[in-house]
>>> print(open('work-v6.tsv').read())   # TSV, C-alpha atoms
chain	number	residue	atom	x	y	z
A	1	VAL	CA	5.55	8.88	15.84
A	2	GLY	CA	2.46	7.59	17.61
A	3	THR	CA	0.17	8.43	14.72
A	4	ALA	CA	2.45	6.64	12.26
A	5	VAL	CA	2.50	3.52	14.45
A	6	ILE	CA	-1.28	3.50	14.79
A	7	LEU	CA	-1.78	3.96	11.04
A	8	ALA	CA	0.79	1.27	10.23
A	9	PHE	CA	-0.70	-1.35	12.54
A	10	GLY	CA	-4.23	-0.47	11.45
A	11	ALA	CA	-3.29	-0.76	7.79
A	12	ALA	CA	-1.47	-4.03	8.39
A	13	TRP	CA	-4.50	-5.56	10.06
A	14	LEU	CA	-6.84	-4.22	7.41
A	15	ALA	CA	-4.53	-5.57	4.68
A	16	VAL	CA	-5.03	-9.06	6.08
A	17	LEU	CA	-8.75	-8.66	5.52
A	18	VAL	CA	-9.02	-6.70	2.24
A	19	GLY	CA	-5.56	-6.55	0.64
A	20	PHE	CA	-2.74	-4.03	0.81
A	21	ASP	CA	-3.95	-1.51	-1.80
A	22	LYS	CA	-7.45	-1.27	-0.37
A	23	ALA	CA	-6.08	-1.08	3.18
A	24	ILE	CA	-3.90	1.91	2.31
A	25	ALA	CA	-6.72	3.59	0.40
A	26	ALA	CA	-9.32	3.08	3.13
A	27	GLY	CA	-7.25	2.96	6.30
A	28	VAL	CA	-4.40	5.43	5.82
A	29	VAL	CA	-5.01	8.01	3.09
A	30	PRO	CA	-8.21	9.51	4.60
A	31	PHE	CA	-6.41	10.12	7.88
A	32	LEU	CA	-3.17	11.70	6.62
A	33	VAL	CA	-4.33	15.33	6.33
A	34	PRO	CA	-6.32	15.39	9.60
A	35	SER	CA	-3.39	13.79	11.41
A	36	ALA	CA	-0.96	16.33	9.98
A	37	VAL	CA	-3.24	19.20	11.04
A	38	LYS	CA	-3.53	17.74	14.53
A	39	ILE	CA	0.25	17.37	14.82
A	40	VAL	CA	0.88	20.96	13.67
A	41	LEU	CA	-1.77	22.41	15.99
A	42	GLY	CA	-0.42	20.39	18.90
A	43	GLY	CA	3.10	21.63	18.22
A	44	LEU	CA	1.94	25.24	18.04
A	45	LEU	CA	-0.05	24.87	21.24
A	46	VAL	CA	2.82	23.29	23.15
A	47	GLY	CA	5.22	25.91	21.81
A	48	GLY	CA	2.90	28.73	22.88
A	49	ILE	CA	2.34	27.32	26.34
A	50	GLY	CA	6.05	26.65	26.82
A	51	SER	CA	7.00	30.19	25.88
A	52	ARG	CA	4.39	31.63	28.26
A	53	PHE	CA	5.74	29.65	31.20
A	54	ALA	CA	9.30	30.62	30.31
A	55	ARG	CA	8.37	34.33	30.50
A	56	THR	CA	6.60	34.11	33.87
A	57	ARG	CA	9.43	32.42	35.73
>>> encode(input="work-v6.tsv", output="structure tokens")
Amino acid sequence: VGTAVILAFGAAWLAVLVGFDKAIAAGVVPFLVPSAVKIVLGGLLVGGIGSRFARTR
């Protein structure tokens, strides 16, 4: 959710300066794949840590 909010506000501000199409192309699209990878890795990491703590208790 946080990543989507940051991208949305960044694109909105950039759209004021360069227009909507260019803002999406320059301010959102290049960050979609890296953001998705970061979200998946974070979820896997949290899931792995959570399951480790659940076993040791």
>>> residues_around(input="work-v6.tsv", residues="Leu32 (chain A)", least_positions_apart="4", cutoff="12 Å", atoms="all atoms listed in the file", output="ChimeraX atom specification")
/A:3-4,6-8,24-28,36-39
>>> atom_distance(input="work-v6.tsv", atom1="CA of Gly43 (chain A)", atom2="CA of Val1 (chain A)")
13.2 Å
>>> atom_distance(input="work-v6.tsv", atom1="CA of Lys22 (chain A)", atom2="CA of Ser35 (chain A)")
19.5 Å
>>> atom_distance(input="work-v6.tsv", atom1="CA of Gly10 (chain A)", atom2="CA of Phe31 (chain A)")
11.4 Å
>>> build_atoms(input="work-v6.tsv", residues="region 16-37 of chain A", atoms="N, CA and C atoms", output="PDB file, keeping the file's coordinate frame")
ATOM      1  N   VAL A  16      -4.752  -7.626   5.930  1.00  0.00           N
ATOM      2  CA  VAL A  16      -5.030  -9.060   6.080  1.00  0.00           C
ATOM      3  C   VAL A  16      -6.451  -9.357   5.604  1.00  0.00           C
ATOM      4  N   LEU A  17      -7.347  -8.435   5.848  1.00  0.00           N
ATOM      5  CA  LEU A  17      -8.750  -8.660   5.520  1.00  0.00           C
ATOM      6  C   LEU A  17      -9.110  -8.304   4.072  1.00  0.00           C
ATOM      7  N   VAL A  18      -8.564  -7.182   3.555  1.00  0.00           N
ATOM      8  CA  VAL A  18      -9.020  -6.700   2.240  1.00  0.00           C
ATOM      9  C   VAL A  18      -7.914  -6.529   1.214  1.00  0.00           C
ATOM     10  N   GLY A  19      -6.673  -6.750   1.570  1.00  0.00           N
ATOM     11  CA  GLY A  19      -5.560  -6.550   0.640  1.00  0.00           C
ATOM     12  C   GLY A  19      -4.854  -5.231   0.897  1.00  0.00           C
ATOM     13  N   PHE A  20      -3.585  -5.177   0.490  1.00  0.00           N
ATOM     14  CA  PHE A  20      -2.740  -4.030   0.810  1.00  0.00           C
ATOM     15  C   PHE A  20      -3.230  -2.724   0.190  1.00  0.00           C
ATOM     16  N   ASP A  21      -3.541  -2.742  -1.105  1.00  0.00           N
ATOM     17  CA  ASP A  21      -3.950  -1.510  -1.800  1.00  0.00           C
ATOM     18  C   ASP A  21      -5.213  -0.912  -1.199  1.00  0.00           C
ATOM     19  N   LYS A  22      -6.201  -1.758  -0.958  1.00  0.00           N
ATOM     20  CA  LYS A  22      -7.450  -1.270  -0.370  1.00  0.00           C
ATOM     21  C   LYS A  22      -7.239  -0.810   1.070  1.00  0.00           C
ATOM     22  N   ALA A  23      -6.354  -1.472   1.793  1.00  0.00           N
ATOM     23  CA  ALA A  23      -6.080  -1.080   3.180  1.00  0.00           C
ATOM     24  C   ALA A  23      -5.453   0.306   3.236  1.00  0.00           C
ATOM     25  N   ILE A  24      -4.523   0.576   2.343  1.00  0.00           N
ATOM     26  CA  ILE A  24      -3.900   1.910   2.310  1.00  0.00           C
ATOM     27  C   ILE A  24      -4.927   2.956   1.903  1.00  0.00           C
ATOM     28  N   ALA A  25      -5.728   2.642   0.897  1.00  0.00           N
ATOM     29  CA  ALA A  25      -6.720   3.590   0.400  1.00  0.00           C
ATOM     30  C   ALA A  25      -7.797   3.896   1.440  1.00  0.00           C
ATOM     31  N   ALA A  26      -8.222   2.892   2.185  1.00  0.00           N
ATOM     32  CA  ALA A  26      -9.320   3.080   3.130  1.00  0.00           C
ATOM     33  C   ALA A  26      -8.853   3.349   4.558  1.00  0.00           C
ATOM     34  N   GLY A  27      -7.669   2.876   4.909  1.00  0.00           N
ATOM     35  CA  GLY A  27      -7.250   2.960   6.300  1.00  0.00           C
ATOM     36  C   GLY A  27      -6.136   3.925   6.605  1.00  0.00           C
ATOM     37  N   VAL A  28      -5.506   4.496   5.572  1.00  0.00           N
ATOM     38  CA  VAL A  28      -4.400   5.430   5.820  1.00  0.00           C
ATOM     39  C   VAL A  28      -4.659   6.778   5.157  1.00  0.00           C
ATOM     40  N   VAL A  29      -4.902   6.767   3.862  1.00  0.00           N
ATOM     41  CA  VAL A  29      -5.010   8.010   3.090  1.00  0.00           C
ATOM     42  C   VAL A  29      -6.045   8.983   3.678  1.00  0.00           C
ATOM     43  N   PRO A  30      -7.240   8.543   4.071  1.00  0.00           N
ATOM     44  CA  PRO A  30      -8.210   9.510   4.600  1.00  0.00           C
ATOM     45  C   PRO A  30      -7.778  10.177   5.905  1.00  0.00           C
ATOM     46  N   PHE A  31      -6.816   9.598   6.585  1.00  0.00           N
ATOM     47  CA  PHE A  31      -6.410  10.120   7.880  1.00  0.00           C
ATOM     48  C   PHE A  31      -5.122  10.928   7.843  1.00  0.00           C
ATOM     49  N   LEU A  32      -4.453  11.010   6.696  1.00  0.00           N
ATOM     50  CA  LEU A  32      -3.170  11.700   6.620  1.00  0.00           C
ATOM     51  C   LEU A  32      -3.294  13.209   6.867  1.00  0.00           C
ATOM     52  N   VAL A  33      -4.194  13.876   6.169  1.00  0.00           N
ATOM     53  CA  VAL A  33      -4.330  15.330   6.330  1.00  0.00           C
ATOM     54  C   VAL A  33      -4.838  15.686   7.726  1.00  0.00           C
ATOM     55  N   PRO A  34      -5.900  15.054   8.233  1.00  0.00           N
ATOM     56  CA  PRO A  34      -6.320  15.390   9.600  1.00  0.00           C
ATOM     57  C   PRO A  34      -5.238  15.131  10.639  1.00  0.00           C
ATOM     58  N   SER A  35      -4.476  14.079  10.467  1.00  0.00           N
ATOM     59  CA  SER A  35      -3.390  13.790  11.410  1.00  0.00           C
ATOM     60  C   SER A  35      -2.309  14.851  11.327  1.00  0.00           C
ATOM     61  N   ALA A  36      -1.977  15.280  10.135  1.00  0.00           N
ATOM     62  CA  ALA A  36      -0.960  16.330   9.980  1.00  0.00           C
ATOM     63  C   ALA A  36      -1.426  17.633  10.613  1.00  0.00           C
ATOM     64  N   VAL A  37      -2.688  17.983  10.420  1.00  0.00           N
ATOM     65  CA  VAL A  37      -3.240  19.200  11.040  1.00  0.00           C
ATOM     66  C   VAL A  37      -3.181  19.088  12.555  1.00  0.00           C
TER      67      VAL A  37
END
